[in-house]
file protein_24.csv (CSV, C-alpha atoms)
chain,number,residue,atom,x,y,z
A,1,MET,CA,143.1,-39.7,2.5
A,2,SER,CA,141.9,-38.7,-0.9
A,3,GLY,CA,138.9,-41.1,-0.4
A,4,PRO,CA,135.9,-38.9,-1.6
A,5,LEU,CA,138.0,-37.7,-4.5
A,6,ASP,CA,139.1,-41.1,-5.6
A,7,PRO,CA,136.6,-41.7,-8.4
A,8,LEU,CA,137.5,-38.4,-10.0
A,9,ILE,CA,141.3,-38.9,-9.6
A,10,LYS,CA,141.0,-42.4,-11.1
A,11,ALA,CA,139.0,-41.1,-14.1
A,12,ILE,CA,141.6,-38.4,-14.7
A,13,ALA,CA,144.6,-40.7,-14.2
A,14,ARG,CA,143.2,-42.9,-17.0
A,15,LEU,CA,143.9,-40.1,-19.6
A,16,PRO,CA,147.1,-40.5,-21.7
A,17,GLY,CA,150.2,-38.9,-20.3
A,18,LEU,CA,148.8,-38.5,-16.8
A,19,GLY,CA,149.6,-40.5,-13.7
A,20,PRO,CA,148.2,-40.6,-10.1
A,21,ARG,CA,150.2,-37.6,-9.0
A,22,SER,CA,149.3,-35.3,-11.9
A,23,ALA,CA,145.7,-36.5,-11.6
A,24,ARG,CA,145.6,-35.5,-7.9
A,25,ARG,CA,146.9,-32.1,-8.8
A,26,ILE,CA,144.3,-31.6,-11.5
A,27,ALA,CA,141.4,-32.8,-9.3
A,28,ILE,CA,142.4,-30.5,-6.4
A,29,HIS,CA,142.8,-27.6,-8.9
A,30,LEU,CA,139.3,-28.2,-10.3
A,31,LEU,CA,137.8,-28.3,-6.8
A,32,THR,CA,139.6,-25.5,-5.1
A,33,LYS,CA,139.7,-22.9,-7.8
A,34,PRO,CA,136.6,-20.8,-8.4
A,35,GLU,CA,133.9,-23.2,-9.8
A,36,PRO,CA,133.8,-21.9,-13.4
A,37,SER,CA,136.8,-24.0,-14.4
A,38,LEU,CA,135.1,-27.2,-13.4
A,39,THR,CA,131.8,-26.3,-15.0
A,40,ALA,CA,133.6,-25.1,-18.2
A,41,LEU,CA,135.4,-28.5,-18.4
A,42,ILE,CA,132.2,-30.5,-18.0
A,43,ASP,CA,130.4,-28.3,-20.6
A,44,ALA,CA,133.3,-28.7,-23.1
A,45,LEU,CA,133.3,-32.5,-22.6
A,46,GLN,CA,129.5,-32.7,-22.9
A,47,ASN,CA,129.4,-30.7,-26.0
A,48,ALA,CA,132.2,-32.7,-27.6
A,49,LYS,CA,130.4,-35.9,-26.7
A,50,GLU,CA,127.2,-34.7,-28.3
A,51,GLN,CA,128.6,-33.0,-31.4
A,52,ILE,CA,131.9,-34.6,-32.5
A,53,ILE,CA,131.6,-37.5,-34.8
A,54,ASN,CA,133.9,-39.6,-37.0
A,55,CYS,CA,133.9,-38.8,-40.7
A,56,SER,CA,132.6,-41.9,-42.4
A,57,THR,CA,134.8,-41.3,-45.4
A,58,CYS,CA,138.3,-40.4,-43.9
A,59,GLY,CA,137.8,-41.0,-40.2
A,60,ASN,CA,138.6,-37.4,-39.2
A,61,LEU,CA,136.9,-36.0,-36.1
A,62,ASP,CA,134.4,-33.2,-36.9
A,63,THR,CA,130.9,-31.9,-36.2
A,64,LEU,CA,130.0,-32.8,-39.8
A,65,ASP,CA,130.0,-36.1,-41.8
A,66,PRO,CA,131.6,-36.0,-44.3
A,67,CYS,CA,134.0,-33.7,-42.5
A,68,ARG,CA,135.1,-30.2,-43.6
A,69,ILE,CA,138.1,-31.6,-45.4
A,70,CYS,CA,136.2,-34.2,-47.4
A,71,GLN,CA,133.5,-31.6,-48.3
A,72,ASP,CA,136.0,-29.0,-49.4
A,73,ASP,CA,135.7,-28.8,-53.2
A,74,THR,CA,138.8,-26.5,-53.5
A,75,ARG,CA,141.1,-29.3,-52.3
A,76,VAL,CA,143.0,-31.5,-54.8
A,77,GLN,CA,140.7,-34.6,-55.3
A,78,ASN,CA,143.1,-37.2,-56.6
A,79,LYS,CA,145.8,-37.2,-54.0
A,80,LEU,CA,145.2,-39.4,-50.9
A,81,CYS,CA,147.4,-39.0,-47.8
A,82,VAL,CA,147.3,-42.0,-45.4
A,83,VAL,CA,147.9,-41.2,-41.8
A,84,ALA,CA,147.8,-43.3,-38.6
A,85,ASN,CA,145.5,-41.1,-36.5
A,86,VAL,CA,143.8,-37.7,-36.2
A,87,SER,CA,146.8,-36.0,-34.6
A,88,ASP,CA,148.9,-36.9,-37.6
A,89,LEU,CA,146.3,-35.4,-39.9
A,90,TRP,CA,146.4,-32.2,-37.9
A,91,ALA,CA,150.2,-32.3,-38.0
A,92,VAL,CA,150.2,-32.5,-41.8
A,93,GLU,CA,147.4,-29.9,-42.1
A,94,ARG,CA,149.4,-27.4,-39.9
A,95,THR,CA,152.2,-27.4,-42.6
A,96,ARG,CA,149.7,-26.2,-45.2
A,97,ALA,CA,151.9,-28.1,-47.7
A,98,PHE,CA,149.3,-30.7,-48.6
A,99,LYS,CA,145.9,-29.8,-50.1
A,100,GLY,CA,144.5,-33.2,-50.9
A,101,GLN,CA,142.3,-35.9,-49.3
A,102,TYR,CA,143.1,-37.9,-46.1
A,103,HIS,CA,142.6,-41.4,-44.9
A,104,ILE,CA,143.0,-42.2,-41.2
A,105,LEU,CA,144.0,-45.8,-40.4
A,106,GLY,CA,143.2,-45.6,-36.7
A,107,GLY,CA,146.7,-46.8,-35.8
A,108,VAL,CA,149.5,-48.9,-37.2
A,109,LEU,CA,150.0,-52.7,-37.4
A,110,SER,CA,151.8,-53.9,-34.3
A,111,ALA,CA,152.5,-57.5,-33.4
A,112,LEU,CA,153.5,-56.5,-29.8
A,113,ASP,CA,150.2,-54.6,-29.2
A,114,GLY,CA,148.2,-57.3,-31.1
A,115,ILE,CA,146.9,-54.8,-33.7
A,116,GLY,CA,146.3,-56.6,-37.0
A,117,PRO,CA,145.0,-55.5,-40.4
A,118,ASP,CA,141.4,-56.0,-39.3
A,119,ASP,CA,141.8,-53.4,-36.4
A,120,LEU,CA,142.6,-50.7,-38.9
A,121,THR,CA,140.4,-49.1,-41.6
A,122,LEU,CA,142.5,-50.9,-44.3
A,123,GLY,CA,139.4,-52.3,-46.1
A,124,LEU,CA,137.9,-48.9,-46.4
A,125,LEU,CA,141.2,-47.5,-47.7
A,126,LEU,CA,141.5,-50.2,-50.4
A,127,GLU,CA,137.9,-49.6,-51.4
A,128,ARG,CA,138.7,-45.9,-51.8
A,129,VAL,CA,141.8,-46.7,-53.8
A,130,GLN,CA,140.0,-49.2,-56.0
A,131,SER,CA,137.3,-46.6,-56.8
A,132,GLY,CA,140.0,-45.1,-59.1
A,133,ALA,CA,139.6,-41.6,-57.7
A,134,TYR,CA,143.2,-41.3,-56.7
A,135,THR,CA,146.4,-41.1,-58.8
A,136,GLU,CA,148.8,-40.8,-55.8
A,137,VAL,CA,148.7,-42.4,-52.4
A,138,ILE,CA,151.1,-40.8,-49.9
A,139,LEU,CA,151.9,-43.0,-46.9
A,140,ALA,CA,152.6,-40.4,-44.2
A,141,LEU,CA,153.3,-42.8,-41.4
A,142,ASN,CA,155.8,-42.6,-38.5
A,143,ALA,CA,159.4,-43.5,-39.3
A,144,THR,CA,159.2,-46.2,-36.6
A,145,VAL,CA,159.5,-50.0,-37.2
A,146,ASP,CA,155.7,-50.4,-36.8
A,147,GLY,CA,154.9,-47.4,-39.0
A,148,GLN,CA,157.3,-48.5,-41.8
A,149,SER,CA,156.0,-52.1,-41.8
A,150,THR,CA,152.5,-50.8,-42.0
A,151,ALA,CA,153.5,-48.7,-45.0
A,152,HIS,CA,155.1,-51.7,-46.7
A,153,TYR,CA,151.9,-53.8,-46.0
A,154,ILE,CA,149.6,-51.1,-47.4
A,155,SER,CA,151.9,-50.6,-50.4
A,156,ASP,CA,151.8,-54.3,-51.2
A,157,LYS,CA,148.0,-54.5,-50.9
A,158,ILE,CA,147.6,-51.5,-53.3
A,159,MET,CA,150.1,-53.0,-55.7
A,160,ASP,CA,148.0,-56.2,-55.7
A,161,LEU,CA,144.8,-54.2,-56.4
A,162,VAL,CA,146.5,-52.3,-59.3
A,163,ALA,CA,147.9,-55.5,-60.8
A,164,LEU,CA,144.4,-57.1,-60.6
A,165,ALA,CA,142.8,-54.0,-62.2
A,166,GLY,CA,145.6,-54.1,-64.9
A,167,ASP,CA,144.6,-57.7,-65.8
A,168,GLN,CA,141.0,-56.8,-66.2
A,169,ASP,CA,141.1,-53.6,-68.2
A,170,SER,CA,143.6,-51.6,-70.1
A,171,GLY,CA,145.4,-50.6,-66.8
A,172,GLU,CA,145.8,-46.9,-67.6
A,173,ASP,CA,144.8,-45.9,-64.1
A,174,ALA,CA,148.3,-46.3,-62.6
A,175,ILE,CA,148.6,-45.2,-59.0
A,176,THR,CA,151.8,-43.8,-57.6
A,177,ILE,CA,152.6,-44.8,-54.0
A,178,THR,CA,154.9,-42.4,-52.2
A,179,ARG,CA,156.3,-42.0,-48.7
A,180,LEU,CA,157.7,-39.0,-46.7
A,181,ALA,CA,161.4,-38.3,-47.3
A,182,HIS,CA,163.8,-39.5,-44.5
A,183,GLY,CA,166.8,-37.4,-43.6
A,184,VAL,CA,168.1,-34.6,-41.3
A,185,PRO,CA,165.3,-32.7,-39.7
A,186,VAL,CA,165.2,-29.0,-40.6
A,187,GLY,CA,167.3,-27.2,-37.9
A,188,GLY,CA,168.8,-30.6,-36.8
A,189,GLU,CA,172.5,-30.8,-35.8
A,190,LEU,CA,174.4,-33.8,-37.1
A,191,ASP,CA,176.1,-34.3,-33.7
A,192,TYR,CA,172.8,-35.0,-32.0
A,193,LEU,CA,171.3,-37.2,-34.7
A,194,ASP,CA,171.3,-41.0,-34.5
A,195,ASP,CA,173.4,-43.1,-36.9
A,196,GLY,CA,170.3,-44.4,-38.8
A,197,THR,CA,169.1,-40.9,-39.7
A,198,ILE,CA,172.6,-39.8,-40.9
A,199,THR,CA,173.0,-43.1,-42.9
A,200,THR,CA,169.6,-42.6,-44.6
A,201,ALA,CA,170.4,-38.9,-45.3
A,202,LEU,CA,173.7,-39.9,-46.9
A,203,LYS,CA,172.1,-42.5,-49.0
A,204,SER,CA,169.3,-40.2,-50.2
A,205,ARG,CA,171.7,-37.2,-50.8
A,206,SER,CA,170.8,-34.8,-53.6
A,207,SER,CA,173.0,-32.6,-55.8
A,208,VAL,CA,173.1,-29.0,-54.8
B,1,MET,CA,142.7,-27.9,-38.3
B,2,SER,CA,141.4,-28.9,-34.9
B,3,GLY,CA,138.6,-26.3,-35.3
B,4,PRO,CA,135.6,-28.3,-34.0
B,5,LEU,CA,137.6,-29.7,-31.1
B,6,ASP,CA,139.1,-26.3,-30.1
B,7,PRO,CA,136.8,-25.6,-27.1
B,8,LEU,CA,137.5,-29.0,-25.6
B,9,ILE,CA,141.3,-28.7,-26.2
B,10,LYS,CA,141.3,-25.2,-24.6
B,11,ALA,CA,139.4,-26.4,-21.6
B,12,ILE,CA,141.8,-29.3,-21.1
B,13,ALA,CA,144.9,-27.2,-21.7
B,14,ARG,CA,143.9,-24.9,-18.8
B,15,LEU,CA,144.4,-27.7,-16.3
B,16,PRO,CA,147.7,-27.5,-14.4
B,17,GLY,CA,150.6,-29.4,-15.9
B,18,LEU,CA,149.0,-29.7,-19.3
B,19,GLY,CA,149.9,-27.7,-22.5
B,20,PRO,CA,148.3,-27.5,-25.9
B,21,ARG,CA,150.0,-30.7,-27.2
B,22,SER,CA,149.0,-32.9,-24.2
B,23,ALA,CA,145.5,-31.4,-24.3
B,24,ARG,CA,145.2,-32.4,-28.0
B,25,ARG,CA,146.4,-35.9,-27.2
B,26,ILE,CA,143.8,-36.2,-24.4
B,27,ALA,CA,141.0,-34.8,-26.5
B,28,ILE,CA,141.7,-37.2,-29.3
B,29,HIS,CA,142.0,-40.1,-26.9
B,30,LEU,CA,138.6,-39.3,-25.4
B,31,LEU,CA,136.9,-39.0,-28.8
B,32,THR,CA,138.4,-41.9,-30.6
B,33,LYS,CA,138.5,-44.6,-27.8
B,34,PRO,CA,135.2,-46.4,-27.1
B,35,GLU,CA,132.8,-43.9,-25.6
B,36,PRO,CA,132.7,-45.1,-21.9
B,37,SER,CA,136.0,-43.2,-21.2
B,38,LEU,CA,134.4,-39.9,-22.1
B,39,THR,CA,131.1,-40.6,-20.3
B,40,ALA,CA,133.0,-41.9,-17.2
B,41,LEU,CA,135.0,-38.7,-17.0
B,42,ILE,CA,132.0,-36.5,-17.4
B,43,ASP,CA,130.2,-38.5,-14.7
B,44,ALA,CA,133.2,-38.3,-12.3
B,45,LEU,CA,133.5,-34.5,-12.8
B,46,GLN,CA,129.7,-34.0,-12.4
B,47,ASN,CA,129.6,-36.1,-9.2
B,48,ALA,CA,132.6,-34.3,-7.7
B,49,LYS,CA,131.0,-30.9,-8.6
B,50,GLU,CA,127.8,-31.9,-6.8
B,51,GLN,CA,129.2,-33.7,-3.8
B,52,ILE,CA,132.7,-32.4,-2.8
B,53,ILE,CA,132.7,-29.4,-0.5
B,54,ASN,CA,135.2,-27.5,1.6
B,55,CYS,CA,135.3,-28.3,5.3
B,56,SER,CA,134.3,-25.1,7.0
B,57,THR,CA,136.6,-25.9,9.9
B,58,CYS,CA,139.9,-27.0,8.3
B,59,GLY,CA,139.4,-26.4,4.6
B,60,ASN,CA,139.8,-30.0,3.5
B,61,LEU,CA,137.9,-31.4,0.5
B,62,ASP,CA,135.3,-34.0,1.4
B,63,THR,CA,131.6,-34.9,0.9
B,64,LEU,CA,131.0,-34.0,4.6
B,65,ASP,CA,131.2,-30.7,6.5
B,66,PRO,CA,133.0,-30.9,9.0
B,67,CYS,CA,135.2,-33.4,7.1
B,68,ARG,CA,136.0,-36.9,8.2
B,69,ILE,CA,139.2,-35.8,9.8
B,70,CYS,CA,137.6,-33.0,11.9
B,71,GLN,CA,134.7,-35.4,12.9
B,72,ASP,CA,137.1,-38.2,13.9
B,73,ASP,CA,136.9,-38.4,17.7
B,74,THR,CA,139.8,-40.9,17.9
B,75,ARG,CA,142.3,-38.3,16.6
B,76,VAL,CA,144.4,-36.2,19.0
B,77,GLN,CA,142.4,-33.0,19.5
B,78,ASN,CA,145.0,-30.6,20.8
B,79,LYS,CA,147.6,-30.8,18.0
B,80,LEU,CA,147.1,-28.6,15.0
B,81,CYS,CA,149.1,-29.1,11.8
B,82,VAL,CA,149.1,-26.1,9.4
B,83,VAL,CA,149.5,-27.0,5.7
B,84,ALA,CA,149.5,-24.8,2.6
B,85,ASN,CA,146.9,-26.9,0.6
B,86,VAL,CA,144.9,-30.1,0.3
B,87,SER,CA,147.7,-32.1,-1.4
B,88,ASP,CA,150.0,-31.3,1.5
B,89,LEU,CA,147.4,-32.5,3.9
B,90,TRP,CA,147.2,-35.8,1.9
B,91,ALA,CA,151.0,-36.0,1.9
B,92,VAL,CA,151.1,-35.8,5.7
B,93,GLU,CA,148.2,-38.2,6.1
B,94,ARG,CA,149.9,-40.8,3.9
B,95,THR,CA,152.8,-41.0,6.4
B,96,ARG,CA,150.3,-42.0,9.2
B,97,ALA,CA,152.8,-40.3,11.5
B,98,PHE,CA,150.4,-37.5,12.6
B,99,LYS,CA,147.0,-38.2,14.2
B,100,GLY,CA,145.9,-34.6,15.1
B,101,GLN,CA,143.9,-31.8,13.5
B,102,TYR,CA,144.7,-29.8,10.3
B,103,HIS,CA,144.3,-26.3,9.1
B,104,ILE,CA,144.6,-25.6,5.3
B,105,LEU,CA,145.9,-22.1,4.5
B,106,GLY,CA,145.0,-22.2,0.9
B,107,GLY,CA,148.5,-21.2,-0.2
B,108,VAL,CA,151.5,-19.4,1.1
B,109,LEU,CA,152.3,-15.6,1.3
B,110,SER,CA,154.0,-14.6,-1.9
B,111,ALA,CA,155.0,-11.0,-2.9
B,112,LEU,CA,155.7,-12.2,-6.4
B,113,ASP,CA,152.3,-13.8,-6.9
B,114,GLY,CA,150.6,-11.0,-5.0
B,115,ILE,CA,149.2,-13.3,-2.3
B,116,GLY,CA,148.9,-11.5,1.0
B,117,PRO,CA,147.6,-12.5,4.5
B,118,ASP,CA,144.0,-11.7,3.5
B,119,ASP,CA,144.1,-14.3,0.6
B,120,LEU,CA,144.8,-17.1,3.1
B,121,THR,CA,142.7,-18.5,5.9
B,122,LEU,CA,144.9,-16.9,8.5
B,123,GLY,CA,142.0,-15.2,10.3
B,124,LEU,CA,140.3,-18.6,10.8
B,125,LEU,CA,143.6,-20.1,12.0
B,126,LEU,CA,144.1,-17.4,14.6
B,127,GLU,CA,140.5,-17.9,15.8
B,128,ARG,CA,141.1,-21.6,16.2
B,129,VAL,CA,144.4,-21.0,18.0
B,130,GLN,CA,142.8,-18.4,20.2
B,131,SER,CA,140.0,-20.8,21.2
B,132,GLY,CA,142.6,-22.5,23.4
B,133,ALA,CA,141.9,-25.9,22.0
B,134,TYR,CA,145.5,-26.5,20.9
B,135,THR,CA,148.7,-26.9,22.8
B,136,GLU,CA,150.9,-27.4,19.7
B,137,VAL,CA,150.8,-25.8,16.3
B,138,ILE,CA,153.0,-27.6,13.7
B,139,LEU,CA,153.8,-25.4,10.7
B,140,ALA,CA,154.2,-28.1,8.0
B,141,LEU,CA,155.0,-25.7,5.1
B,142,ASN,CA,157.3,-26.2,2.2
B,143,ALA,CA,161.0,-25.5,2.8
B,144,THR,CA,160.9,-22.8,0.2
B,145,VAL,CA,161.5,-19.1,0.7
B,146,ASP,CA,157.7,-18.4,0.5
B,147,GLY,CA,156.9,-21.3,2.7
B,148,GLN,CA,159.4,-20.3,5.4
B,149,SER,CA,158.4,-16.6,5.4
B,150,THR,CA,154.8,-17.7,5.8
B,151,ALA,CA,155.8,-19.9,8.7
B,152,HIS,CA,157.6,-17.0,10.3
B,153,TYR,CA,154.6,-14.7,9.8
B,154,ILE,CA,152.2,-17.2,11.3
B,155,SER,CA,154.5,-17.9,14.2
B,156,ASP,CA,154.8,-14.1,15.0
B,157,LYS,CA,151.0,-13.7,14.8
B,158,ILE,CA,150.4,-16.6,17.2
B,159,MET,CA,153.1,-15.3,19.6
B,160,ASP,CA,151.3,-12.0,19.7
B,161,LEU,CA,148.0,-13.8,20.5
B,162,VAL,CA,149.6,-15.7,23.3
B,163,ALA,CA,151.3,-12.6,24.7
B,164,LEU,CA,148.0,-10.8,24.7
B,165,ALA,CA,146.2,-13.7,26.4
B,166,GLY,CA,149.1,-13.9,28.9
B,167,ASP,CA,148.5,-10.2,29.8
B,168,GLN,CA,144.8,-10.8,30.4
B,169,ASP,CA,144.7,-14.0,32.4
B,170,SER,CA,147.2,-16.2,34.2
B,171,GLY,CA,148.7,-17.3,30.9
B,172,GLU,CA,148.9,-21.0,31.7
B,173,ASP,CA,147.7,-22.0,28.2
B,174,ALA,CA,151.1,-21.9,26.6
B,175,ILE,CA,151.2,-23.0,22.9
B,176,THR,CA,154.2,-24.7,21.4
B,177,ILE,CA,154.9,-23.7,17.8
B,178,THR,CA,157.0,-26.2,15.9
B,179,ARG,CA,158.2,-26.7,12.3
B,180,LEU,CA,159.3,-29.8,10.3
B,181,ALA,CA,162.9,-30.8,10.7
B,182,HIS,CA,165.3,-29.8,7.9
B,183,GLY,CA,168.1,-32.2,6.9
B,184,VAL,CA,169.2,-35.0,4.6
B,185,PRO,CA,166.1,-36.8,3.1
B,186,VAL,CA,165.8,-40.5,3.9
B,187,GLY,CA,167.6,-42.4,1.2
B,188,GLY,CA,169.3,-39.1,0.0
B,189,GLU,CA,173.0,-39.2,-1.1
B,190,LEU,CA,175.2,-36.3,0.1
B,191,ASP,CA,176.8,-36.0,-3.3
B,192,TYR,CA,173.5,-35.1,-4.9
B,193,LEU,CA,172.3,-32.7,-2.2
B,194,ASP,CA,172.5,-28.9,-2.4
B,195,ASP,CA,174.9,-27.0,0.0
B,196,GLY,CA,172.0,-25.4,1.9
B,197,THR,CA,170.6,-28.8,2.9
B,198,ILE,CA,174.0,-30.2,4.0
B,199,THR,CA,174.7,-27.0,6.0
B,200,THR,CA,171.4,-27.2,7.8
B,201,ALA,CA,171.8,-30.9,8.4
B,202,LEU,CA,175.3,-30.3,9.9
B,203,LYS,CA,174.0,-27.5,12.1
B,204,SER,CA,171.1,-29.6,13.4
B,205,ARG,CA,173.2,-32.7,13.9
B,206,SER,CA,172.3,-35.0,16.7
B,207,SER,CA,174.4,-37.4,18.8
B,208,VAL,CA,174.2,-41.1,17.9
call {"tool": "encode", "arguments": {"input": "protein_24.csv", "output": "structure tokens"}}
result
Amino acid sequence: MSGPLDPLIKAIARLPGLGPRSARRIAIHLLTKPEPSLTALIDALQNAKEQIINCSTCGNLDTLDPCRICQDDTRVQNKLCVVANVSDLWAVERTRAFKGQYHILGGVLSALDGIGPDDLTLGLLLERVQSGAYTEVILALNATVDGQSTAHYISDKIMDLVALAGDQDSGEDAITITRLAHGVPVGGELDYLDDGTITTALKSRSSV
Amino acid sequence: MSGPLDPLIKAIARLPGLGPRSARRIAIHLLTKPEPSLTALIDALQNAKEQIINCSTCGNLDTLDPCRICQDDTRVQNKLCVVANVSDLWAVERTRAFKGQYHILGGVLSALDGIGPDDLTLGLLLERVQSGAYTEVILALNATVDGQSTAHYISDKIMDLVALAGDQDSGEDAITITRLAHGVPVGGELDYLDDGTITTALKSRSSV
């Protein structure tokens, strides 16, 4: 019976995290509430479509290219934080604990989803690392199987680059590759944590 | 850090069932996936905004006024099903068990939410009932406190109308007011049902 609303419901149901039922609810909300909500949504989408672009350096979404982060001279220039996607960049930025540069991969390697090295911005990352601008590369990827294998892959590739550069010149431009610490989340209760996390936290224990 | 995307994220987060986190995810999805998904959504919203209207008879959403259901001559003309909103109409239509007319209230009475009789299409409903076109009014409202008090309120109002009409003329136009049956849902297990439902189902038991 939703016939005339079907195109709208289908377009909404295609968004991540929404199914046919929540899409129906949203479509009805937009069409029965006072019209401003629908107009406001269309305007917001239209503006975003026209103004938001990908930063050609790091891959961030912004109205500027290079983006605000890449343009910001007050940030540390020689630390590069590699994240899988824009939401991970935002998650790191929210902490205010990192004030360096970013590189967005556009995903992680995944045999199941058919995502190989060519589907990510790995070439661009290696170019940036090869430029010699960075002394540390922080691999801030998810602690999942795919995230960690991607981290290993990138780390191997950067090692190769560094070894190659070391052969050619004096090799004083050593790059440190780091990853986020694994362990008990702040506020986490041992009873509710999985064995893998507790094992890792035990292995990486530090003296008080 | 989501600065430039903030207007879009806020517009999305205002939709029912979505919060800031899911709105961020949707905004990033729309802006990082190949552009057609964003354009398709804008087009679908724009088309809906231009074409979908409220049926002036029953309140249904359609591209036509009167809507397809009100225009359909093959449907039973003298049974009126009163529902709270468009999604309830669709839910009843999906069953294919009712082939009559509809009336959408636009919500239910709710003291907590400050929704009184004037916020619903009660006046229109009473006019339709008074026209004498219907012999049965089915109150298909939620089995919640608000839904049931709305049903009682409507039923009282219709009774008043019928009594008034009975005083004036011979009163042969009797209207039956019915409500949906309460009981154990099909496929429901007693062990998982609340006491109220089981009590109601026991009271309304029927002989096999």
call {"tool": "residues_around", "arguments": {"input": "protein_24.csv", "residues": "A:Gly123", "least_positions_apart": "6", "cutoff": "12 Å", "atoms": "all atoms listed in the file", "output": "count of residues only"}}
result
11
call {"tool": "interface_residues", "arguments": {"input": "protein_24.csv", "of": "chain B", "to": "chain A", "cutoff": "9 Å", "atoms": "all atoms listed in the file", "output": "JSON, numbers by chain"}}
result
{"B": [1, 2, 3, 4, 5, 7, 8, 9, 10, 11, 12, 14, 15, 16, 17, 22, 24, 25, 26, 27, 28, 29, 30, 31, 32, 35, 37, 38, 39, 40, 41, 42, 43, 44, 45, 46, 47, 48, 49, 51, 52, 53, 54, 61, 62, 63, 86, 87, 89, 90, 91, 93, 94, 106]}
call {"tool": "residues_near_point", "arguments": {"input": "protein_24.csv", "point": "(143.2, -45.8, -56.1)", "cutoff": "9 Å", "atoms": "only C-alpha atoms", "output": "list in words"}}
result
Asn78, Leu80, Leu125, Leu126, Glu127, Arg128, Val129, Gln130, Ser131, Gly132, Ala133, Tyr134, Thr135, Glu136, Val137, Ile158, Leu161, Val162, Asp173, Ala174, Ile175 and Thr176 of chain A
call {"tool": "atom_distance", "arguments": {"input": "protein_24.csv", "atom1": "atom CA of B:Thr197", "atom2": "atom CA of B:Gln101"}}
result
28.9 Å
call {"tool": "atom_distance", "arguments": {"input": "protein_24.csv", "atom1": "atom CA of B:Thr144", "atom2": "atom CA of B:Phe98"}}
result
21.9 Å
call {"tool": "atom_distance", "arguments": {"input": "protein_24.csv", "atom1": "atom CA of B:Cys70", "atom2": "atom CA of B:Lys99"}}
result
11.0 Å
call {"tool": "closest_residue", "arguments": {"input": "protein_24.csv", "among": "A:Pro66, A:Ile138, A:Ile177, A:Thr150", "to": "A:Leu109", "atoms": "only C-alpha atoms"}}
result
A:Thr150
call {"tool": "build_atoms", "arguments": {"input": "protein_24.csv", "residues": "stretch 1-15 of chain B", "atoms": "N, CA and C atoms", "output": "compact mmCIF listing (two decimals), keeping the file's coordinate frame"}}
result
# COMPACT_ATOMS: atom_id res chain seq x y z
N MET B 1 143.57 -26.92 -37.76
CA MET B 1 142.70 -27.90 -38.30
C MET B 1 141.82 -28.58 -37.20
N SER B 2 142.15 -28.28 -35.94
CA SER B 2 141.40 -28.90 -34.90
C SER B 2 140.13 -28.16 -34.57
N GLY B 3 139.77 -27.23 -35.46
CA GLY B 3 138.60 -26.30 -35.30
C GLY B 3 137.51 -26.81 -34.37
N PRO B 4 136.76 -27.86 -34.77
CA PRO B 4 135.60 -28.30 -34.00
C PRO B 4 135.99 -28.76 -32.56
N LEU B 5 137.22 -29.19 -32.38
CA LEU B 5 137.60 -29.70 -31.10
C LEU B 5 138.26 -28.60 -30.20
N ASP B 6 138.41 -27.40 -30.79
CA ASP B 6 139.10 -26.30 -30.10
C ASP B 6 138.59 -26.02 -28.67
N PRO B 7 137.25 -25.90 -28.49
CA PRO B 7 136.80 -25.60 -27.10
C PRO B 7 137.22 -26.63 -26.12
N LEU B 8 137.12 -27.91 -26.51
CA LEU B 8 137.50 -29.00 -25.60
C LEU B 8 139.00 -28.93 -25.29
N ILE B 9 139.81 -28.75 -26.35
CA ILE B 9 141.30 -28.70 -26.20
C ILE B 9 141.66 -27.55 -25.27
N LYS B 10 141.01 -26.40 -25.47
CA LYS B 10 141.30 -25.20 -24.60
C LYS B 10 140.97 -25.48 -23.18
N ALA B 11 139.80 -26.11 -22.96
CA ALA B 11 139.40 -26.40 -21.60
C ALA B 11 140.35 -27.33 -20.90
N ILE B 12 140.85 -28.31 -21.66
CA ILE B 12 141.80 -29.30 -21.10
C ILE B 12 143.15 -28.63 -20.84
N ALA B 13 143.58 -27.78 -21.79
CA ALA B 13 144.90 -27.20 -21.70
C ALA B 13 145.01 -26.21 -20.50
N ARG B 14 143.85 -25.78 -19.97
CA ARG B 14 143.90 -24.90 -18.80
C ARG B 14 144.18 -25.58 -17.52
N LEU B 15 144.15 -26.92 -17.53
CA LEU B 15 144.40 -27.70 -16.30
C LEU B 15 145.93 -27.60 -15.99
